[in-house]
Amino acid sequence: MTDIDLTTAGLPASDESARRELPESLMATLSGQYYTDQTIFALEQSRIFEQEWFCAVRSADLANPGQFRTVQVGRESVLIARDRRGSLNAFLNICRHRGARLCVEETGEVRRSFQCPYHAWTYGLDGKLVAAPNLNGMPDVDRSEFGLHKVALREWLGYAWVCLADEPPSFEDTVIADVIARLGDGESIEAYQIDTLELGRRINYDVRANWKQIIENFMECYHCATIHPELTEVLPEFEDGFAAQYYVGHGAEFGEDVGGFTVDGSAGLPKLPGVREDQDRRYYAITVRPQVFINLVPDHVILHRMFPVAPDRTLIECDWLYLPEVVESGVDLTKSVELFHRVNQQDFDACERCQLAMDSRGYASGGVFVPSEHHIGEFHEWVSGRLTEQ
Ligand code: FES
Ligand SMILES: [Fe+2]
């Protein structure tokens, strides 16, 4: 897709006078327009979501050849399918003939090919053009030239990540680097063996807020004491507003009388076998820019994928992952799932409450961060850097 003309993008200039007047403890946030403006959102789609690695689908959701999923990545629909050799492939979800949308369903399964419903051009699960009406009468057409447009795909943590960039950035320098920046090393996350876990529960949320609100909220814990009573019961240190993602390598410790990461602090499930002594009874939260949150606790992992669809609307798929034997045993996961489901609802309600005011004149030059939120400033610099870079 063509890039947006920056001269017409109308990026709001930073309000230097407001910044200068702030006391040292406070830092300026982005201005309200960043959360409402359609042009800025379109720029984010082209400069961020269509450039970075985007966590699209859980690999095990597409276990069999012919199973597919379509996801919106930036302004593009991407089709991800498992081929007959067992590999996952990603394509732009458009027909090479006259551009019809190939799959309109979000998920489904085909036998051995995708056939365009318009003139019946037919593509193998690996994207190759295998048949088209009257193709034999066009001997000069090389069918290998007219397969589906491939999109880069990489599997990690049991998920398929796709990248629409012509030259995808290094996965290690972006996705994995974000995890290392939070945990301090690359090995700590491997201890949870996330790719071996099974889906215990998935909840979809339709959040009426800008995707950046949701990231900013996830990065800070200043709000924990106010809106997360159950979470602060389990993680008492969250009451002071720091912890969370403030300190590199730090996991918030369970309270002394807490049995597990459950809604009432009762005992959890069997510990994941790789979890180290120093990781036990601790919670780690990781933000992988631009759209993934990973939450690590000793007996499960919670992974959020965000799908920004409008300046004021973000769809979120949240997966609760457990040991296969735990899921297969049919044990009741309610208390385990309920804790973070409540946290999600509390967080997303707060994001929606902020979104309501983003186009108020009272937020035209933004708000302020207190010291325990200052690290969100780096995220804002990253976003505005991406939007303005040539
Ligand atoms: S547009 Fe797909 S076959 Fe014609
Ligand atoms: Fe929260």
# chains A, B, ... in the order shown; residues from 1 in each chain; ligands from 1
$ residues_near_ligand --ligand "ligand 1" --cutoff "10 Å" --atoms "only C-alpha atoms and all ligand atoms" --output "ChimeraX atom specification"
/A:94-102,115-122,132-133
$ write_last_selection --atoms "N, CA and C atoms" --output "tab-separated table (two decimals), in the first residue's frame"
chain	number	residue	atom	x	y	z
A	94	ILE	N	-6.33	-11.41	-1.15
A	94	ILE	CA	-6.99	-10.92	-2.37
A	94	ILE	C	-6.61	-11.79	-3.56
A	95	CYS	N	-7.57	-11.92	-4.46
A	95	CYS	CA	-7.37	-12.73	-5.66
A	95	CYS	C	-6.48	-11.98	-6.65
A	96	ARG	N	-5.56	-12.73	-7.29
A	96	ARG	CA	-4.65	-12.10	-8.25
A	96	ARG	C	-5.35	-11.74	-9.56
A	97	HIS	N	-6.55	-12.23	-9.78
A	97	HIS	CA	-7.24	-11.91	-11.02
A	97	HIS	C	-7.77	-10.47	-10.99
A	98	ARG	N	-8.88	-10.27	-10.36
A	98	ARG	CA	-9.44	-8.91	-10.34
A	98	ARG	C	-9.58	-8.38	-8.92
A	99	GLY	N	-8.90	-9.06	-7.99
A	99	GLY	CA	-8.79	-8.48	-6.65
A	99	GLY	C	-9.90	-8.79	-5.68
A	100	ALA	N	-10.76	-9.74	-6.00
A	100	ALA	CA	-11.83	-10.07	-5.05
A	100	ALA	C	-11.24	-10.56	-3.73
A	101	ARG	N	-11.89	-10.25	-2.63
A	101	ARG	CA	-11.51	-10.79	-1.33
A	101	ARG	C	-11.69	-12.31	-1.41
A	102	LEU	N	-10.62	-13.04	-1.12
A	102	LEU	CA	-10.66	-14.49	-1.30
A	102	LEU	C	-11.53	-15.16	-0.23
A	115	GLN	N	-10.70	-21.31	-3.57
A	115	GLN	CA	-11.21	-20.93	-4.89
A	115	GLN	C	-11.92	-19.59	-4.77
A	116	CYS	N	-11.51	-18.66	-5.63
A	116	CYS	CA	-12.15	-17.35	-5.62
A	116	CYS	C	-13.59	-17.50	-6.12
A	117	PRO	N	-14.55	-16.96	-5.37
A	117	PRO	CA	-15.96	-17.15	-5.74
A	117	PRO	C	-16.36	-16.35	-6.98
A	118	TYR	N	-15.48	-15.47	-7.49
A	118	TYR	CA	-15.88	-14.61	-8.60
A	118	TYR	C	-15.72	-15.33	-9.95
A	119	HIS	N	-14.47	-15.67	-10.36
A	119	HIS	CA	-14.28	-16.36	-11.63
A	119	HIS	C	-13.55	-17.69	-11.45
A	120	ALA	N	-13.46	-18.12	-10.19
A	120	ALA	CA	-12.97	-19.46	-9.87
A	120	ALA	C	-11.46	-19.67	-10.08
A	121	TRP	N	-10.66	-18.62	-9.99
A	121	TRP	CA	-9.23	-18.88	-9.91
A	121	TRP	C	-9.00	-19.66	-8.61
A	122	THR	N	-8.11	-20.66	-8.67
A	122	THR	CA	-7.97	-21.59	-7.56
A	122	THR	C	-6.51	-21.65	-7.13
A	132	ALA	N	-7.43	-22.14	-13.28
A	132	ALA	CA	-8.29	-21.00	-13.60
A	132	ALA	C	-9.03	-21.35	-14.88
A	133	PRO	N	-10.29	-20.97	-15.00
A	133	PRO	CA	-11.03	-21.30	-16.21
A	133	PRO	C	-10.30	-20.77	-17.45
$ residues_around --residues "Tyr35 of chain A" --least-positions-apart "5" --cutoff "10 Å" --atoms "only C-alpha atoms" --output "PyMOL selection string"
chain A and resi 30+40-41+209-213+310-312+354-355+357-359
$ residues_near_ligand --ligand "ligand 2" --cutoff "8 Å" --atoms "only C-alpha atoms and all ligand atoms" --output "JSON, numbers by chain"
{"A": [217, 218, 220, 221, 223, 224, 227, 228, 343, 344, 346, 347]}
$ residues_around --residues "Met306 of chain A" --least-positions-apart "5" --cutoff "6 Å" --atoms "only C-alpha atoms" --output "list in words"
Gln291, Leu315 and Ile316 of chain A
$ residues_around --residues "segment 191-199 of chain A" --least-positions-apart "5" --cutoff "10 Å" --atoms "only C-alpha atoms" --output "number ranges by chain"
A: 58-61, 155-159, 186, 271-276, 279, 296-303, 319-328
$ write_last_selection --atoms "C-alpha atoms" --output "PDB file, in the first residue's frame"
ATOM      1  CA  ARG A  58      -2.269 -19.132  17.763  1.00  0.00           C
ATOM      2  CA  SER A  59      -0.595 -21.842  15.692  1.00  0.00           C
ATOM      3  CA  ALA A  60      -2.653 -24.616  17.310  1.00  0.00           C
ATOM      4  CA  ASP A  61      -5.878 -22.906  16.193  1.00  0.00           C
ATOM      5  CA  GLU A 155       6.278 -18.837  14.661  1.00  0.00           C
ATOM      6  CA  TRP A 156       7.279 -18.085  18.246  1.00  0.00           C
ATOM      7  CA  LEU A 157       5.698 -18.962  21.623  1.00  0.00           C
ATOM      8  CA  GLY A 158       3.133 -21.080  19.768  1.00  0.00           C
ATOM      9  CA  TYR A 159       1.833 -18.112  17.752  1.00  0.00           C
ATOM     10  CA  GLY A 186      16.188 -14.135  26.763  1.00  0.00           C
ATOM     11  CA  LYS A 271       3.431 -25.309  38.404  1.00  0.00           C
ATOM     12  CA  LEU A 272       4.811 -25.289  34.849  1.00  0.00           C
ATOM     13  CA  PRO A 273       7.794 -27.648  35.006  1.00  0.00           C
ATOM     14  CA  GLY A 274      10.414 -25.206  33.665  1.00  0.00           C
ATOM     15  CA  VAL A 275       9.539 -22.347  36.015  1.00  0.00           C
ATOM     16  CA  ARG A 276      12.613 -21.574  38.130  1.00  0.00           C
ATOM     17  CA  GLN A 279      10.236 -17.129  39.164  1.00  0.00           C
ATOM     18  CA  LEU A 296       3.631 -14.994  33.233  1.00  0.00           C
ATOM     19  CA  VAL A 297       2.601 -16.714  36.464  1.00  0.00           C
ATOM     20  CA  PRO A 298       3.885 -20.055  37.779  1.00  0.00           C
ATOM     21  CA  ASP A 299       0.953 -22.195  36.612  1.00  0.00           C
ATOM     22  CA  HIS A 300      -0.242 -20.439  33.438  1.00  0.00           C
ATOM     23  CA  VAL A 301       0.385 -17.759  30.847  1.00  0.00           C
ATOM     24  CA  ILE A 302      -2.067 -15.108  29.660  1.00  0.00           C
ATOM     25  CA  LEU A 303      -1.426 -13.652  26.233  1.00  0.00           C
ATOM     26  CA  ASP A 319      -5.768 -16.548  25.748  1.00  0.00           C
ATOM     27  CA  TRP A 320      -5.286 -18.389  29.047  1.00  0.00           C
ATOM     28  CA  LEU A 321      -2.701 -21.140  28.469  1.00  0.00           C
ATOM     29  CA  TYR A 322      -2.141 -24.138  30.756  1.00  0.00           C
ATOM     30  CA  LEU A 323      -0.292 -27.437  30.772  1.00  0.00           C
ATOM     31  CA  PRO A 324      -1.960 -29.855  28.312  1.00  0.00           C
ATOM     32  CA  GLU A 325      -2.688 -32.336  31.110  1.00  0.00           C
ATOM     33  CA  VAL A 326      -4.432 -29.618  33.112  1.00  0.00           C
ATOM     34  CA  VAL A 327      -6.718 -28.709  30.185  1.00  0.00           C
ATOM     35  CA  GLU A 328      -7.340 -32.351  29.303  1.00  0.00           C
TER      36      GLU A 328
END
$ residues_around --residues "segment 259-266 of chain A" --least-positions-apart "4" --cutoff "10 Å" --atoms "only C-alpha atoms" --output "list in words"
Pro229, Glu230, Leu231, Glu233, Val234, Leu235, Phe254, Gly255, Pro270, Lys271, Arg281, Arg282, Tyr283, Val297, Pro298, Asp299, His300, Leu333, Thr334, Lys335, Ser336, Val337, Glu338, Leu339, Phe340, His341, Arg342 and Val343 of chain A
